[in-house]
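Containing mmCIF, C-alpha atoms: start-v7.cif.
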```
data_structure
#
loop_
_atom_site.group_PDB
_atom_site.id
_atom_site.type_symbol
_atom_site.label_atom_id
_atom_site.label_comp_id
_atom_site.auth_asym_id
_atom_site.auth_seq_id
_atom_site.Cartn_x
_atom_site.Cartn_y
_atom_site.Cartn_z
ATOM 1 C CA MET F 969 26.615 60.321 0.749
ATOM 2 C CA ARG F 970 22.840 60.366 1.170
ATOM 3 C CA THR F 971 21.149 63.715 0.548
ATOM 4 C CA LEU F 972 17.486 62.695 0.510
ATOM 5 C CA PRO F 973 15.641 62.265 3.817
ATOM 6 C CA ILE F 974 15.591 58.712 5.117
ATOM 7 C CA PRO F 975 12.193 57.184 4.366
ATOM 8 C CA LEU F 976 9.983 55.439 6.876
ATOM 9 C CA LEU F 977 10.483 51.768 7.684
ATOM 10 C CA LEU F 978 7.190 49.946 8.209
ATOM 11 C CA VAL F 979 7.692 46.890 10.418
ATOM 12 C CA VAL F 980 4.813 44.406 10.458
ATOM 13 C CA GLU F 981 5.584 42.170 13.419
ATOM 14 C CA ASP F 982 3.266 40.699 16.047
ATOM 15 C CA SER F 983 5.991 39.516 18.442
ATOM 16 C CA ASN F 984 6.895 42.197 20.989
ATOM 17 C CA GLU F 985 10.170 40.419 21.703
ATOM 18 C CA ASP F 986 11.194 40.310 18.028
ATOM 19 C CA PHE F 987 10.129 43.921 17.443
ATOM 20 C CA GLU F 988 11.964 45.200 20.521
ATOM 21 C CA ALA F 989 15.162 43.399 19.479
ATOM 22 C CA LEU F 990 14.852 44.868 15.986
ATOM 23 C CA GLN F 991 14.108 48.327 17.386
ATOM 24 C CA ARG F 992 17.137 48.230 19.724
ATOM 25 C CA LEU F 993 19.387 47.268 16.826
ATOM 26 C CA LEU F 994 17.927 50.010 14.636
ATOM 27 C CA GLU F 995 18.484 52.595 17.358
ATOM 28 C CA ARG F 996 22.183 51.646 17.474
ATOM 29 C CA SER F 997 22.528 51.953 13.716
ATOM 30 C CA PRO F 998 24.517 54.888 12.318
ATOM 31 C CA ILE F 999 21.573 55.439 9.955
ATOM 32 C CA GLN F 1000 18.620 56.723 11.961
ATOM 33 C CA VAL F 1001 15.562 55.243 10.288
ATOM 34 C CA PRO F 1002 12.057 56.365 11.323
ATOM 35 C CA ILE F 1003 9.938 53.327 12.226
ATOM 36 C CA GLN F 1004 6.214 52.588 12.199
ATOM 37 C CA ARG F 1005 5.045 49.288 13.652
ATOM 38 C CA CYS F 1006 1.911 47.370 12.796
ATOM 39 C CA VAL F 1007 1.138 44.213 14.777
ATOM 40 C CA ASN F 1008 -1.035 42.364 12.264
ATOM 41 C CA GLY F 1009 -1.983 42.259 8.606
ATOM 42 C CA GLU F 1010 -5.201 44.242 8.997
ATOM 43 C CA GLN F 1011 -3.351 47.076 10.727
ATOM 44 C CA ALA F 1012 -0.629 47.072 8.049
ATOM 45 C CA LEU F 1013 -3.180 47.288 5.244
ATOM 46 C CA ALA F 1014 -5.062 50.052 7.083
ATOM 47 C CA PHE F 1015 -1.774 51.963 7.370
ATOM 48 C CA LEU F 1016 -0.906 51.457 3.703
ATOM 49 C CA TYR F 1017 -4.399 52.376 2.485
ATOM 50 C CA ARG F 1018 -4.801 55.209 5.038
ATOM 51 C CA THR F 1019 -8.016 53.878 6.545
ATOM 52 C CA GLY F 1020 -9.301 53.632 10.115
ATOM 53 C CA ASN F 1021 -6.844 55.046 12.650
ATOM 54 C CA TYR F 1022 -4.456 55.889 9.809
ATOM 55 C CA SER F 1023 -6.799 58.027 7.687
ATOM 56 C CA ASP F 1024 -4.855 61.212 8.453
ATOM 57 C CA ILE F 1025 -1.293 60.023 7.776
ATOM 58 C CA CYS F 1026 0.586 61.703 4.970
ATOM 59 C CA PHE F 1027 3.792 59.682 4.768
ATOM 60 C CA PHE F 1028 4.594 56.540 2.861
ATOM 61 C CA PRO F 1029 7.025 53.752 3.805
ATOM 62 C CA GLY F 1030 10.226 53.421 1.834
ATOM 63 C CA LEU F 1031 10.573 49.799 2.927
ATOM 64 C CA ILE F 1032 8.310 47.213 4.541
ATOM 65 C CA VAL F 1033 9.726 44.490 6.786
ATOM 66 C CA LEU F 1034 7.025 41.848 6.994
ATOM 67 C CA ASP F 1035 6.620 38.801 9.214
ATOM 68 C CA LEU F 1036 4.709 35.967 7.549
ATOM 69 C CA ASN F 1037 3.071 34.403 10.580
ATOM 70 C CA LEU F 1038 0.676 37.107 11.742
ATOM 71 C CA PRO F 1039 -2.693 36.720 13.435
ATOM 72 C CA GLY F 1040 -5.697 37.266 11.163
ATOM 73 C CA THR F 1041 -4.568 38.406 7.727
ATOM 74 C CA ASP F 1042 -1.131 36.815 7.513
ATOM 75 C CA GLY F 1043 1.978 38.200 5.880
ATOM 76 C CA ARG F 1044 1.493 36.157 2.721
ATOM 77 C CA GLU F 1045 -1.843 37.868 2.068
ATOM 78 C CA VAL F 1046 -0.435 41.302 2.940
ATOM 79 C CA LEU F 1047 2.431 40.729 0.490
ATOM 80 C CA ARG F 1048 0.043 39.546 -2.225
ATOM 81 C CA GLN F 1049 -2.154 42.639 -1.807
ATOM 82 C CA ILE F 1050 0.804 45.031 -1.783
ATOM 83 C CA LYS F 1051 2.340 43.583 -4.933
ATOM 84 C CA GLN F 1052 -0.989 43.558 -6.817
ATOM 85 C CA ASP F 1053 -1.723 47.215 -6.071
ATOM 86 C CA ASP F 1054 -0.368 49.741 -8.596
ATOM 87 C CA ASN F 1055 0.146 52.340 -5.849
ATOM 88 C CA LEU F 1056 2.001 49.994 -3.504
ATOM 89 C CA LYS F 1057 3.858 47.471 -5.636
ATOM 90 C CA THR F 1058 6.972 49.622 -6.004
ATOM 91 C CA VAL F 1059 7.517 49.677 -2.236
ATOM 92 C CA PRO F 1060 10.203 47.095 -1.473
ATOM 93 C CA VAL F 1061 9.105 44.331 0.883
ATOM 94 C CA VAL F 1062 11.531 42.225 2.896
ATOM 95 C CA VAL F 1063 10.012 39.162 4.519
ATOM 96 C CA PHE F 1064 11.622 38.615 7.925
ATOM 97 C CA THR F 1065 10.288 35.378 9.351
ATOM 98 C CA THR F 1066 11.071 32.165 11.194
ATOM 99 C CA SER F 1067 9.701 30.103 8.299
ATOM 100 C CA ASN F 1068 12.322 28.243 6.299
ATOM 101 C CA ASN F 1069 9.602 26.327 4.441
ATOM 102 C CA PRO F 1070 10.626 26.150 0.746
ATOM 103 C CA LYS F 1071 6.978 26.669 -0.276
ATOM 104 C CA ASP F 1072 6.801 29.939 1.717
ATOM 105 C CA ILE F 1073 10.051 31.130 0.159
ATOM 106 C CA GLU F 1074 8.926 30.253 -3.380
ATOM 107 C CA ASP F 1075 5.440 31.731 -2.876
ATOM 108 C CA CYS F 1076 6.846 34.999 -1.530
ATOM 109 C CA TYR F 1077 9.170 35.420 -4.505
ATOM 110 C CA ARG F 1078 6.310 34.507 -6.820
ATOM 111 C CA TYR F 1079 4.226 37.286 -5.207
ATOM 112 C CA GLY F 1080 7.101 39.729 -5.778
ATOM 113 C CA VAL F 1081 8.970 39.967 -2.463
ATOM 114 C CA ASN F 1082 12.260 41.823 -2.780
ATOM 115 C CA SER F 1083 14.107 39.755 -0.194
ATOM 116 C CA TYR F 1084 13.419 36.843 2.154
ATOM 117 C CA ILE F 1085 15.349 36.628 5.428
ATOM 118 C CA ILE F 1086 14.969 33.804 7.927
ATOM 119 C CA LYS F 1087 15.171 35.207 11.466
ATOM 120 C CA PRO F 1088 18.342 33.880 13.053
ATOM 121 C CA ILE F 1089 18.219 32.430 16.551
ATOM 122 C CA ASN F 1090 21.716 33.697 17.335
ATOM 123 C CA PHE F 1091 21.734 37.345 18.474
ATOM 124 C CA GLU F 1092 25.073 38.144 16.814
ATOM 125 C CA GLN F 1093 23.743 36.886 13.476
ATOM 126 C CA LEU F 1094 20.537 38.894 13.994
ATOM 127 C CA LYS F 1095 22.660 41.985 14.642
ATOM 128 C CA ARG F 1096 24.659 41.415 11.432
ATOM 129 C CA ASP F 1097 21.506 40.734 9.404
ATOM 130 C CA VAL F 1098 19.781 43.907 10.632
ATOM 131 C CA GLN F 1099 22.893 46.018 10.036
ATOM 132 C CA THR F 1100 23.184 44.625 6.510
ATOM 133 C CA LEU F 1101 19.469 45.167 5.860
ATOM 134 C CA ILE F 1102 19.587 48.808 6.977
ATOM 135 C CA GLN F 1103 22.835 49.555 5.210
ATOM 136 C CA TYR F 1104 21.658 47.982 1.963
ATOM 137 C CA TRP F 1105 18.139 49.433 1.825
ATOM 138 C CA PHE F 1106 18.825 52.865 3.318
ATOM 139 C CA GLU F 1107 22.409 53.605 2.275
ATOM 140 C CA VAL F 1108 23.317 51.557 -0.812
ATOM 141 C CA THR F 1109 19.963 51.339 -2.594
ATOM 142 C CA THR F 1110 18.057 54.255 -4.063
ATOM 143 C CA LEU F 1111 14.440 53.774 -3.055
ATOM 144 C CA PRO F 1112 11.555 55.103 -5.140
ATOM 145 C CA GLU F 1113 10.085 58.369 -3.918
ATOM 146 C CA HIS F 1114 6.445 58.329 -2.945
ATOM 147 C CA LEU F 1115 5.536 61.957 -2.617
ATOM 148 C CA GLU F 1116 1.815 61.281 -2.540
ATOM 149 C CA TYR F 1117 -0.569 58.450 -1.985
#
```
Rewrite the coordinates I just gave you, this time as structure tokens.
Amino acid sequence: MRTLPIPLLLVVEDSNEDFEALQRLLERSPIQVPIQRCVNGEQALAFLYRTGNYSDICFFPGLIVLDLNLPGTDGREVLRQIKQDDNLKTVPVVVFTTSNNPKDIEDCYRYGVNSYIIKPINFEQLKRDVQTLIQYWFEVTTLPEHLEY
């Protein structure tokens, strides 16, 4: 049984349709996970580095769900920056993307991604994948605590 508070889930997703589907599934989950959405790589990095509109935040994500194909700074670059930063590299990152390109998969694992999930087209499979993701990362796994930035 979980005794620690459930950490924030940072979702970096530019597609409103994909985010809304994910959000609906998360809301139905028995584990109520707080969510922060960023719609592009620049916004995600601003959130993680507490700059711009995020300069006054005081919470840290326990998990990042990252789309690869983002406008501007794409998910590959966001992942690379996260995993090269001593203050961020312990935050688990799950790539959640439509790309099944073997080079993308290999590059993401080379950069240090914790998991790579190809977005299913079938809604029932999406539902199962999201339930498994939430159960694994927020119920089964013990995430590192980030008390401060």
Query raised in the report: Written as a list in words, what is the full residue list that the PyMOL selection byres ((chain F and resi 986) around 12) yields on the file shown?
Result: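 Evaluating the PyMOL selection byres ((chain F and resi 986) around 12) on this file yields Val979, Val980, Glu981, Asp982, Ser983, Asn984, Glu985, Phe987, Glu988, Ala989, Leu990, Gln991, Arg992, Leu993, Arg1005, Val1007, Leu1034, Asp1035, Phe1064, Thr1065, Thr1066, Lys1087, Pro1088, Ile1089, Phe1091, Leu1094 and Val1098 of chain F.
The residues caught by the PyMOL selection byres ((chain F and resi 1001) around 8) in this file are F:Ile974, F:Pro975, F:Leu976, F:Leu977, F:Leu994, F:Ile999, F:Gln1000, F:Pro1002, F:Ile1003.
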Query raised in the report: Selected by the PyMOL selection byres ((chain F and resi 1039) around 10) in the shown coordinates: which residues, as a PyMOL selection string?
Result: chain F and resi 981-982+1007-1010+1036-1038+1040-1043
Report task. Name the closest residue to Asn1082 in chain F among the candidates F:Cys1006, F:Leu1056, F:Val1108, F:Leu1031; distances are taken between atoms, counting only C-alpha atoms. Result -> F:Leu1031
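Distance annotation: of F:Pro1070, F:Gly1020, F:Gly1080, F:Gly1030, the residue with the minimal separation from Leu1047 in chain F is F:Gly1080; atom set is only C-alpha atoms.
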Query - From F:Lys1057, F:Ser1023, F:Asn1069, F:Ser997, residue lying nearest Arg1096 in chain F [all atoms listed in the file] - result: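 Ranking F:Lys1057, F:Ser1023, F:Asn1069, F:Ser997 by distance to Arg1096 in chain F, first place goes to F:Ser997.
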Requested in this report: Report the distance between CA of Tyr1017 in chain F and CA of Glu1045 in chain F in Å, rounded to one decimal place.
Outcome: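 Interatomic distance, CA of Tyr1017 in chain F to CA of Glu1045 in chain F: 14.7 Å.
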**Report entry** Å distance separating CA of Pro1029 in chain F from CA of Glu1092 in chain F, one decimal place
**Finding:**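 Straight-line distance from CA of Pro1029 in chain F to CA of Glu1092 in chain F works out to 27.2 Å.
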**Report entry** Atomic separation - CA of Tyr1079 in chain F relative to CA of Arg1048 in chain F, Å
**Finding:** 5.6 Å
**Report entry** Using only C-alpha atoms: which of F:Gln1049, F:Tyr1077, F:Pro973, F:Asp1054 has the shortest distance to Ala1014 in chain F
**Finding:** F:Gln1049
Requested in this report: Between F:Asn1090, F:Val1081, F:Pro1060, F:Leu1013, single out the one closest to Thr1109 in chain F, counting only C-alpha atoms.
Outcome: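 The answer is F:Pro1060, which sits nearest to Thr1109 in chain F.
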